[in-house]
$ cat upload-v6.txt   # compact mmCIF, N, CA and C atoms
# COMPACT_ATOMS: atom_id res chain seq x y z
N MET A 1 -12.69 3.95 4.79
CA MET A 1 -12.86 2.93 3.76
C MET A 1 -12.90 1.57 4.43
N ASP A 2 -13.58 0.67 3.84
CA ASP A 2 -13.74 -0.68 4.36
C ASP A 2 -12.40 -1.42 4.39
N HIS A 3 -12.04 -1.93 5.55
CA HIS A 3 -10.76 -2.63 5.69
C HIS A 3 -10.70 -3.89 4.82
N THR A 4 -11.81 -4.58 4.66
CA THR A 4 -11.82 -5.77 3.81
C THR A 4 -11.45 -5.41 2.38
N PHE A 5 -12.00 -4.31 1.88
CA PHE A 5 -11.66 -3.82 0.54
C PHE A 5 -10.17 -3.53 0.45
N LEU A 6 -9.65 -2.78 1.42
CA LEU A 6 -8.23 -2.42 1.41
C LEU A 6 -7.35 -3.66 1.38
N VAL A 7 -7.64 -4.61 2.25
CA VAL A 7 -6.80 -5.80 2.36
C VAL A 7 -6.88 -6.64 1.09
N THR A 8 -8.08 -6.96 0.62
CA THR A 8 -8.20 -7.85 -0.54
C THR A 8 -7.63 -7.20 -1.81
N LYS A 9 -7.95 -5.94 -2.03
CA LYS A 9 -7.44 -5.26 -3.24
C LYS A 9 -5.93 -5.04 -3.14
N GLY A 10 -5.46 -4.65 -1.95
CA GLY A 10 -4.03 -4.44 -1.77
C GLY A 10 -3.23 -5.71 -1.94
N GLN A 11 -3.72 -6.80 -1.35
CA GLN A 11 -3.02 -8.08 -1.48
C GLN A 11 -2.95 -8.51 -2.94
N LYS A 12 -4.05 -8.35 -3.66
CA LYS A 12 -4.07 -8.75 -5.07
C LYS A 12 -3.11 -7.89 -5.89
N LEU A 13 -3.09 -6.59 -5.62
CA LEU A 13 -2.18 -5.72 -6.35
C LEU A 13 -0.72 -6.10 -6.08
N VAL A 14 -0.39 -6.33 -4.84
CA VAL A 14 0.99 -6.73 -4.50
C VAL A 14 1.34 -8.03 -5.22
N GLU A 15 0.43 -8.98 -5.20
CA GLU A 15 0.66 -10.26 -5.88
C GLU A 15 0.92 -10.06 -7.37
N LEU A 16 0.13 -9.21 -8.01
CA LEU A 16 0.31 -8.96 -9.44
C LEU A 16 1.59 -8.17 -9.72
N LEU A 17 1.94 -7.25 -8.84
CA LEU A 17 3.17 -6.46 -9.02
C LEU A 17 4.42 -7.30 -8.84
N ASP A 18 4.30 -8.43 -8.15
CA ASP A 18 5.45 -9.33 -8.00
C ASP A 18 5.96 -9.81 -9.35
N ALA A 19 5.10 -9.84 -10.36
CA ALA A 19 5.48 -10.31 -11.69
C ALA A 19 5.95 -9.17 -12.59
N THR A 20 6.16 -7.98 -12.01
CA THR A 20 6.61 -6.81 -12.77
C THR A 20 7.95 -6.33 -12.21
N PRO A 21 8.57 -5.35 -12.85
CA PRO A 21 9.81 -4.80 -12.29
C PRO A 21 9.63 -4.12 -10.92
N VAL A 22 8.41 -3.80 -10.53
CA VAL A 22 8.17 -3.16 -9.23
C VAL A 22 8.52 -4.11 -8.08
N LYS A 23 8.12 -5.37 -8.17
CA LYS A 23 8.42 -6.40 -7.16
C LYS A 23 8.47 -5.83 -5.74
N PRO A 24 7.34 -5.50 -5.14
CA PRO A 24 7.34 -4.81 -3.85
C PRO A 24 8.12 -5.52 -2.74
N GLN A 25 9.03 -4.79 -2.11
CA GLN A 25 9.73 -5.27 -0.92
C GLN A 25 8.82 -5.10 0.30
N ALA A 26 8.04 -4.02 0.26
CA ALA A 26 7.14 -3.71 1.37
C ALA A 26 5.88 -3.06 0.79
N ALA A 27 4.77 -3.30 1.47
CA ALA A 27 3.50 -2.67 1.08
C ALA A 27 2.63 -2.55 2.32
N LEU A 28 2.10 -1.37 2.54
CA LEU A 28 1.20 -1.16 3.66
C LEU A 28 0.24 -0.03 3.37
N TRP A 29 -0.98 -0.23 3.79
CA TRP A 29 -1.97 0.82 3.71
C TRP A 29 -1.73 1.76 4.88
N VAL A 30 -1.73 3.07 4.62
CA VAL A 30 -1.52 4.07 5.66
C VAL A 30 -2.69 5.06 5.61
N HIS A 31 -3.30 5.27 6.76
CA HIS A 31 -4.44 6.18 6.86
C HIS A 31 -3.97 7.56 7.25
N SER A 32 -4.47 8.57 6.56
CA SER A 32 -4.21 9.97 6.90
C SER A 32 -5.49 10.56 7.47
N PRO A 33 -5.52 10.80 8.79
CA PRO A 33 -6.75 11.35 9.38
C PRO A 33 -7.04 12.78 8.92
N ASP A 34 -6.03 13.50 8.43
CA ASP A 34 -6.24 14.88 7.98
C ASP A 34 -7.23 14.96 6.82
N ASN A 35 -7.15 14.00 5.90
CA ASN A 35 -8.08 14.00 4.77
C ASN A 35 -8.90 12.71 4.69
N ASP A 36 -8.78 11.89 5.72
CA ASP A 36 -9.51 10.62 5.82
C ASP A 36 -9.33 9.75 4.57
N ARG A 37 -8.08 9.66 4.12
CA ARG A 37 -7.74 8.84 2.94
C ARG A 37 -6.74 7.77 3.31
N TRP A 38 -6.83 6.68 2.60
CA TRP A 38 -5.87 5.59 2.72
C TRP A 38 -4.99 5.59 1.49
N LYS A 39 -3.70 5.39 1.68
CA LYS A 39 -2.74 5.26 0.58
C LYS A 39 -2.01 3.95 0.76
N LEU A 40 -1.82 3.24 -0.33
CA LEU A 40 -1.03 2.01 -0.31
C LEU A 40 0.42 2.39 -0.59
N TRP A 41 1.21 2.42 0.49
CA TRP A 41 2.64 2.69 0.35
C TRP A 41 3.29 1.45 -0.23
N ILE A 42 4.05 1.62 -1.28
CA ILE A 42 4.77 0.50 -1.88
C ILE A 42 6.25 0.86 -1.95
N VAL A 43 7.07 0.00 -1.38
CA VAL A 43 8.52 0.13 -1.51
C VAL A 43 8.91 -0.84 -2.61
N PRO A 44 9.26 -0.31 -3.78
CA PRO A 44 9.58 -1.19 -4.90
C PRO A 44 10.97 -1.81 -4.77
N ASP A 45 11.23 -2.74 -5.63
CA ASP A 45 12.55 -3.36 -5.74
C ASP A 45 13.59 -2.25 -5.91
N ARG A 46 14.79 -2.49 -5.38
CA ARG A 46 15.85 -1.48 -5.44
C ARG A 46 16.17 -1.03 -6.86
N SER A 47 15.97 -1.88 -7.83
CA SER A 47 16.27 -1.52 -9.22
C SER A 47 15.26 -0.52 -9.79
N MET A 48 14.11 -0.38 -9.15
CA MET A 48 13.06 0.55 -9.62
C MET A 48 13.33 1.93 -9.02
N LYS A 49 13.89 2.81 -9.82
CA LYS A 49 14.26 4.16 -9.36
C LYS A 49 13.32 5.24 -9.92
N ASN A 50 12.75 4.97 -11.07
CA ASN A 50 11.96 5.96 -11.79
C ASN A 50 10.50 5.94 -11.32
N LYS A 51 10.08 7.04 -10.70
CA LYS A 51 8.71 7.11 -10.19
C LYS A 51 7.68 7.06 -11.31
N ARG A 52 7.98 7.68 -12.42
CA ARG A 52 7.04 7.69 -13.55
C ARG A 52 6.81 6.25 -14.04
N ALA A 53 7.89 5.48 -14.17
CA ALA A 53 7.78 4.08 -14.60
C ALA A 53 7.00 3.29 -13.55
N PHE A 54 7.26 3.56 -12.27
CA PHE A 54 6.54 2.89 -11.19
C PHE A 54 5.03 3.10 -11.34
N TYR A 55 4.61 4.36 -11.44
CA TYR A 55 3.17 4.64 -11.53
C TYR A 55 2.56 4.12 -12.82
N GLN A 56 3.33 4.11 -13.90
CA GLN A 56 2.82 3.55 -15.15
C GLN A 56 2.57 2.05 -14.99
N ILE A 57 3.51 1.33 -14.38
CA ILE A 57 3.33 -0.11 -14.17
C ILE A 57 2.15 -0.37 -13.24
N VAL A 58 2.04 0.41 -12.18
CA VAL A 58 0.92 0.24 -11.24
C VAL A 58 -0.42 0.48 -11.96
N ALA A 59 -0.50 1.57 -12.72
CA ALA A 59 -1.75 1.88 -13.44
C ALA A 59 -2.09 0.80 -14.46
N GLU A 60 -1.10 0.32 -15.19
CA GLU A 60 -1.35 -0.74 -16.18
C GLU A 60 -1.78 -2.04 -15.50
N THR A 61 -1.17 -2.35 -14.38
CA THR A 61 -1.51 -3.58 -13.64
C THR A 61 -2.94 -3.50 -13.12
N ILE A 62 -3.31 -2.37 -12.57
CA ILE A 62 -4.68 -2.19 -12.06
C ILE A 62 -5.67 -2.27 -13.22
N GLY A 63 -5.37 -1.56 -14.31
CA GLY A 63 -6.27 -1.54 -15.46
C GLY A 63 -6.47 -2.88 -16.12
N ALA A 64 -5.48 -3.74 -16.03
CA ALA A 64 -5.54 -5.05 -16.69
C ALA A 64 -6.22 -6.12 -15.84
N SER A 65 -6.53 -5.80 -14.59
CA SER A 65 -7.10 -6.81 -13.70
C SER A 65 -8.55 -6.52 -13.34
N GLU A 66 -9.40 -7.49 -13.61
CA GLU A 66 -10.81 -7.36 -13.24
C GLU A 66 -11.00 -7.43 -11.72
N TYR A 67 -10.00 -7.94 -11.00
CA TYR A 67 -10.10 -8.09 -9.55
C TYR A 67 -9.81 -6.80 -8.80
N LEU A 68 -9.30 -5.79 -9.51
CA LEU A 68 -8.91 -4.54 -8.83
C LEU A 68 -9.87 -3.39 -9.09
N THR A 69 -11.09 -3.71 -9.48
CA THR A 69 -12.11 -2.69 -9.70
C THR A 69 -12.28 -1.88 -8.43
N GLY A 70 -12.32 -0.55 -8.58
CA GLY A 70 -12.49 0.33 -7.44
C GLY A 70 -11.18 0.87 -6.90
N LEU A 71 -10.07 0.37 -7.42
CA LEU A 71 -8.74 0.82 -7.01
C LEU A 71 -8.11 1.55 -8.18
N ASP A 72 -7.34 2.60 -7.91
CA ASP A 72 -6.61 3.26 -8.99
C ASP A 72 -5.22 3.65 -8.52
N ALA A 73 -4.39 4.03 -9.46
CA ALA A 73 -2.99 4.32 -9.16
C ALA A 73 -2.83 5.48 -8.18
N SER A 74 -3.81 6.38 -8.13
CA SER A 74 -3.71 7.50 -7.19
C SER A 74 -3.87 7.04 -5.74
N SER A 75 -4.27 5.80 -5.54
CA SER A 75 -4.37 5.23 -4.19
C SER A 75 -3.05 4.67 -3.71
N THR A 76 -2.03 4.73 -4.57
CA THR A 76 -0.72 4.17 -4.22
C THR A 76 0.30 5.28 -4.07
N GLU A 77 1.39 4.95 -3.39
CA GLU A 77 2.48 5.92 -3.23
C GLU A 77 3.82 5.19 -3.27
N PHE A 78 4.72 5.68 -4.10
CA PHE A 78 6.09 5.19 -4.18
C PHE A 78 6.80 5.66 -2.91
N VAL A 79 7.30 4.73 -2.11
CA VAL A 79 7.99 5.07 -0.87
C VAL A 79 9.38 4.44 -0.91
N HIS A 80 10.38 5.26 -0.63
CA HIS A 80 11.76 4.77 -0.62
C HIS A 80 12.03 3.90 0.60
N GLU A 81 12.93 2.94 0.45
CA GLU A 81 13.26 2.05 1.55
C GLU A 81 13.94 2.79 2.70
N GLU A 82 14.44 4.00 2.45
CA GLU A 82 15.07 4.80 3.49
C GLU A 82 14.07 5.56 4.36
N HIS A 83 12.79 5.50 4.03
CA HIS A 83 11.77 6.22 4.81
C HIS A 83 11.90 5.78 6.27
N PRO A 84 11.88 6.71 7.23
CA PRO A 84 12.08 6.36 8.64
C PRO A 84 11.10 5.31 9.17
N ALA A 85 9.85 5.38 8.77
CA ALA A 85 8.87 4.39 9.25
C ALA A 85 9.19 3.01 8.69
N ILE A 86 9.60 2.95 7.44
CA ILE A 86 9.94 1.66 6.82
C ILE A 86 11.16 1.06 7.50
N GLN A 87 12.19 1.88 7.72
CA GLN A 87 13.39 1.38 8.39
C GLN A 87 13.07 0.83 9.77
N SER A 88 12.23 1.52 10.52
CA SER A 88 11.86 1.06 11.86
C SER A 88 11.05 -0.23 11.81
N MET A 89 10.09 -0.30 10.91
CA MET A 89 9.27 -1.50 10.80
C MET A 89 10.11 -2.71 10.43
N ARG A 90 11.07 -2.52 9.54
CA ARG A 90 11.91 -3.63 9.12
C ARG A 90 12.75 -4.20 10.27
N LYS A 91 13.03 -3.36 11.25
CA LYS A 91 13.79 -3.82 12.41
C LYS A 91 12.92 -4.62 13.38
N THR A 92 11.63 -4.36 13.38
CA THR A 92 10.77 -4.97 14.39
C THR A 92 9.87 -6.09 13.88
N ILE A 93 9.48 -6.04 12.60
CA ILE A 93 8.58 -7.08 12.09
C ILE A 93 9.06 -7.58 10.74
N ARG A 94 8.62 -8.76 10.42
CA ARG A 94 8.86 -9.31 9.09
C ARG A 94 7.57 -9.97 8.63
N VAL A 95 7.09 -9.53 7.50
CA VAL A 95 5.89 -10.09 6.90
C VAL A 95 6.25 -10.47 5.47
N SER A 96 6.67 -11.70 5.28
CA SER A 96 7.02 -12.19 3.95
C SER A 96 5.76 -12.63 3.23
N GLY A 97 5.88 -12.75 1.94
CA GLY A 97 4.69 -13.15 1.17
C GLY A 97 3.67 -12.04 1.24
N ILE A 98 2.43 -12.42 1.42
CA ILE A 98 1.35 -11.44 1.52
C ILE A 98 0.54 -11.79 2.75
N SER A 99 0.30 -10.80 3.60
CA SER A 99 -0.40 -11.05 4.85
C SER A 99 -1.26 -9.85 5.20
N GLU A 100 -1.57 -9.71 6.48
CA GLU A 100 -2.40 -8.61 6.98
C GLU A 100 -2.08 -8.40 8.45
N VAL A 101 -1.39 -7.30 8.76
CA VAL A 101 -1.04 -6.97 10.14
C VAL A 101 -1.48 -5.54 10.39
N HIS A 102 -2.36 -5.36 11.37
CA HIS A 102 -2.89 -4.03 11.69
C HIS A 102 -2.06 -3.36 12.78
N PHE A 103 -1.75 -2.09 12.57
CA PHE A 103 -1.05 -1.26 13.54
C PHE A 103 -1.84 0.01 13.75
N SER A 104 -1.79 0.56 14.96
CA SER A 104 -2.41 1.86 15.18
C SER A 104 -1.61 2.65 16.21
N ALA A 105 -1.59 3.97 16.00
CA ALA A 105 -0.94 4.92 16.89
C ALA A 105 0.51 4.54 17.19
N ASN A 106 1.33 4.48 16.14
CA ASN A 106 2.75 4.12 16.32
C ASN A 106 3.66 5.26 15.91
N MET A 107 4.67 5.51 16.74
CA MET A 107 5.74 6.45 16.41
C MET A 107 6.93 5.60 15.99
N LEU A 108 7.35 5.72 14.74
CA LEU A 108 8.43 4.91 14.18
C LEU A 108 9.54 5.81 13.67
N ASN A 109 10.67 5.81 14.35
CA ASN A 109 11.81 6.65 13.97
C ASN A 109 11.39 8.11 13.82
N GLY A 110 10.54 8.58 14.72
CA GLY A 110 10.10 9.97 14.68
C GLY A 110 8.98 10.24 13.69
N TYR A 111 8.46 9.21 13.03
CA TYR A 111 7.37 9.36 12.05
C TYR A 111 6.13 8.72 12.64
N TYR A 112 5.04 9.48 12.74
CA TYR A 112 3.80 8.98 13.33
C TYR A 112 2.91 8.35 12.28
N LEU A 113 2.53 7.09 12.52
CA LEU A 113 1.56 6.40 11.67
C LEU A 113 0.32 6.17 12.50
N PRO A 114 -0.74 6.92 12.25
CA PRO A 114 -1.95 6.77 13.07
C PRO A 114 -2.61 5.41 12.92
N GLU A 115 -2.66 4.90 11.70
CA GLU A 115 -3.25 3.59 11.46
C GLU A 115 -2.66 3.04 10.17
N SER A 116 -2.31 1.75 10.20
CA SER A 116 -1.77 1.13 9.00
C SER A 116 -2.10 -0.36 8.98
N ILE A 117 -2.09 -0.90 7.77
CA ILE A 117 -2.30 -2.33 7.56
C ILE A 117 -1.14 -2.82 6.71
N VAL A 118 -0.26 -3.60 7.32
CA VAL A 118 0.93 -4.08 6.62
C VAL A 118 0.57 -5.35 5.84
N LEU A 119 0.84 -5.31 4.55
CA LEU A 119 0.60 -6.46 3.68
C LEU A 119 1.89 -7.24 3.43
N ARG A 120 3.01 -6.52 3.42
CA ARG A 120 4.33 -7.15 3.26
C ARG A 120 5.36 -6.21 3.88
N MET A 121 6.34 -6.80 4.55
CA MET A 121 7.44 -6.02 5.10
C MET A 121 8.66 -6.93 5.16
N ASP A 122 9.32 -7.10 4.01
CA ASP A 122 10.54 -7.91 3.97
C ASP A 122 11.69 -7.09 4.49
N ARG A 123 12.63 -7.75 5.12
CA ARG A 123 13.82 -7.06 5.60
C ARG A 123 14.64 -6.63 4.39
N ALA A 124 15.37 -5.55 4.56
CA ALA A 124 16.19 -5.04 3.46
C ALA A 124 17.18 -6.10 3.02
N LYS A 125 17.30 -6.25 1.74
CA LYS A 125 18.23 -7.22 1.18
C LYS A 125 19.61 -6.60 1.11
N GLN A 126 20.60 -7.30 1.61
CA GLN A 126 21.97 -6.79 1.55
C GLN A 126 22.54 -7.03 0.16
N SER A 127 23.33 -6.08 -0.25
CA SER A 127 24.03 -6.27 -1.52
C SER A 127 25.14 -7.28 -1.31
N PRO A 128 25.60 -7.98 -2.35
CA PRO A 128 26.66 -8.98 -2.19
C PRO A 128 27.91 -8.39 -1.53
N ALA A 129 28.24 -7.12 -1.77
CA ALA A 129 29.43 -6.52 -1.19
C ALA A 129 29.30 -6.36 0.32
N ALA A 130 28.04 -6.17 0.82
CA ALA A 130 27.81 -5.96 2.25
C ALA A 130 27.75 -7.27 3.02
N ALA A 131 27.57 -8.37 2.32
CA ALA A 131 27.41 -9.67 3.00
C ALA A 131 28.72 -10.22 3.52
$ encode --input "upload-v6.txt" --output "structure tokens"
Amino acid sequence: MDHTFLVTKGQKLVELLDATPVKPQAALWVHSPDNDRWKLWIVPDRSMKNKRAFYQIVAETIGASEYLTGLDASSTEFVHEEHPAIQSMRKTIRVSGISEVHFSANMLNGYYLPESIVLRMDRAKQSPAAA
């Protein structure tokens, strides 16, 4: 898939989701060479626990935006902040706001990411008790 499409549509979706309960902490496109598909991994706000609600919000956000034509909810994936690749990335990079950082052929905490485009990677927020 065209990287320009992935970046522009992904950035717009993350921007729009910021105004919803999803409020992405992290978002990155991940390529699976097995089926040659890209998935937009989204790590939602800690308060977002229900996957069904997550996908409903994502689908409604995409459907309501004329800028997201060609993208659908099946292109996204709810990813927990405990995912080994997310934990490793948070230790090494920080991408606040919305950006575009390309990675390829990375082993992160034992998880192989052949190709990815990071749009956001905020460090994990500590709870008040941990601070």
$ closest_residue --input "upload-v6.txt" --among "A:Leu28, A:Leu113, A:Glu60, A:Gly70" --to "Asp2 (chain A)" --atoms "only C-alpha atoms"
A:Gly70
$ closest_residue --input "upload-v6.txt" --among "A:Ser96, A:Leu16, A:Asp36, A:Trp29" --to "Gly63 (chain A)" --atoms "only C-alpha atoms"
A:Leu16
$ atom_distance --input "upload-v6.txt" --atom1 "CA of Ala27 (chain A)" --atom2 "CA of Ala85 (chain A)"
12.1 Å
$ atom_distance --input "upload-v6.txt" --atom1 "CA of Asp45 (chain A)" --atom2 "CA of Met1 (chain A)"
27.8 Å
$ select_by_dssp --input "upload-v6.txt" --residues "chain A" --states "helix (DSSP H, G or I)" --output "number ranges by chain"
A: 3-17, 51-64, 66-68, 73-75, 84-92
$ atom_distance --input "upload-v6.txt" --atom1 "CA of Ser88 (chain A)" --atom2 "CA of Tyr112 (chain A)"
11.4 Å
$ residues_around --input "upload-v6.txt" --residues "His102 (chain A)" --least-positions-apart "3" --cutoff "5 Å" --atoms "all atoms listed in the file" --output "list in words"
Ser116, Ile117 and Val118 of chain A
$ axis_aligned_box --input "upload-v6.txt" --around "region 57-67 of chain A" --padding-each-side "3 Å" --output "AutoDock Vina command-line options"
--center_x -3.7 --center_y -3.1 --center_z -12.7 --size_x 20.5 --size_y 16.0 --size_z 13.9
$ residues_near_point --input "upload-v6.txt" --point "(-4.4, 8.5, 8.5)" --cutoff "10 Å" --atoms "only C-alpha atoms" --output "list in words"
Trp29, Val30, His31, Ser32, Pro33, Asp34, Asn35, Asp36, Arg37, Trp38, Lys39, Ser104, Ala105, Tyr112, Leu113, Pro114, Glu115 and Ser116 of chain A
$ residues_around --input "upload-v6.txt" --residues "Arg46 (chain A)" --least-positions-apart "5" --cutoff "8 Å" --atoms "only N, CA and C atoms" --output "list of chain:residue names"
A:Pro21, A:Val22, A:Lys23, A:Pro24, A:Gln25, A:Glu81
$ residues_around --input "upload-v6.txt" --residues "Lys9 (chain A)" --least-positions-apart "4" --cutoff "6.5 Å" --atoms "all atoms listed in the file" --output "list in words"
Thr4, Phe5, Leu13, Val14, Tyr67 and Leu68 of chain A
$ residues_around --input "upload-v6.txt" --residues "Gln56 (chain A)" --least-positions-apart "6" --cutoff "8 Å" --atoms "only N, CA and C atoms" --output "ChimeraX atom specification"
/A:50,62,73
$ select_by_dssp --input "upload-v6.txt" --residues "chain A" --states "strand (DSSP E)" --output "PyMOL selection string"
chain A and resi 26-32+37-43+76-78+101-108+111-121
$ decode --input "upload-v6.txt" --residues "region 26-80 of chain A" --atoms "C-alpha atoms" --output "compact mmCIF listing (two decimals), in the first residue's frame"
# COMPACT_ATOMS: atom_id res chain seq x y z
CA ALA A 26 0.36 5.20 20.56
CA ALA A 27 -0.39 4.54 16.90
CA LEU A 28 1.71 2.83 14.27
CA TRP A 29 1.17 1.15 10.97
CA VAL A 30 2.57 -2.40 11.00
CA HIS A 31 3.16 -4.42 7.84
CA SER A 32 2.58 -8.17 7.80
CA PRO A 33 4.57 -9.71 4.95
CA ASP A 34 2.64 -13.00 5.33
CA ASN A 35 -0.51 -11.45 3.86
CA ASP A 36 0.99 -8.17 2.59
CA ARG A 37 -1.40 -6.11 4.74
CA TRP A 38 -0.92 -3.04 6.85
CA LYS A 39 -2.72 -2.63 10.18
CA LEU A 40 -2.90 0.55 12.19
CA TRP A 41 -2.09 -0.54 15.73
CA ILE A 42 -3.74 1.79 18.20
CA VAL A 43 -3.00 1.78 21.92
CA PRO A 44 -6.03 3.53 23.39
CA ASP A 45 -6.25 5.55 26.56
CA ARG A 46 -6.02 3.37 29.68
CA SER A 47 -9.69 3.99 30.45
CA MET A 48 -10.69 2.30 27.15
CA LYS A 49 -10.95 -1.40 28.06
CA ASN A 50 -13.82 -2.58 25.87
CA LYS A 51 -12.70 -3.68 22.41
CA ARG A 52 -16.24 -3.56 21.03
CA ALA A 53 -16.59 0.09 22.11
CA PHE A 54 -13.14 0.81 20.65
CA TYR A 55 -14.04 -0.57 17.22
CA GLN A 56 -17.43 1.13 17.28
CA ILE A 57 -15.81 4.52 17.95
CA VAL A 58 -13.19 3.91 15.26
CA ALA A 59 -15.84 2.88 12.70
CA GLU A 60 -18.05 5.87 13.53
CA THR A 61 -15.09 8.26 13.34
CA ILE A 62 -14.03 6.92 9.96
CA GLY A 63 -17.60 6.96 8.64
CA ALA A 64 -18.15 10.55 9.73
CA SER A 65 -15.04 11.93 8.04
CA GLU A 66 -14.79 12.71 4.34
CA TYR A 67 -10.99 12.77 4.76
CA LEU A 68 -10.79 9.06 5.62
CA THR A 69 -12.21 7.66 2.39
CA GLY A 70 -10.53 4.35 1.59
CA LEU A 71 -9.89 3.48 5.24
CA ASP A 72 -12.08 1.22 7.36
CA ALA A 73 -12.15 -0.11 10.90
CA SER A 74 -10.81 -3.49 9.77
CA SER A 75 -7.53 -1.69 9.00
CA THR A 76 -7.09 -0.96 12.70
CA GLU A 77 -6.16 -3.11 15.67
CA PHE A 78 -6.69 -2.55 19.40
CA VAL A 79 -3.26 -3.14 20.98
CA HIS A 80 -2.66 -3.21 24.73
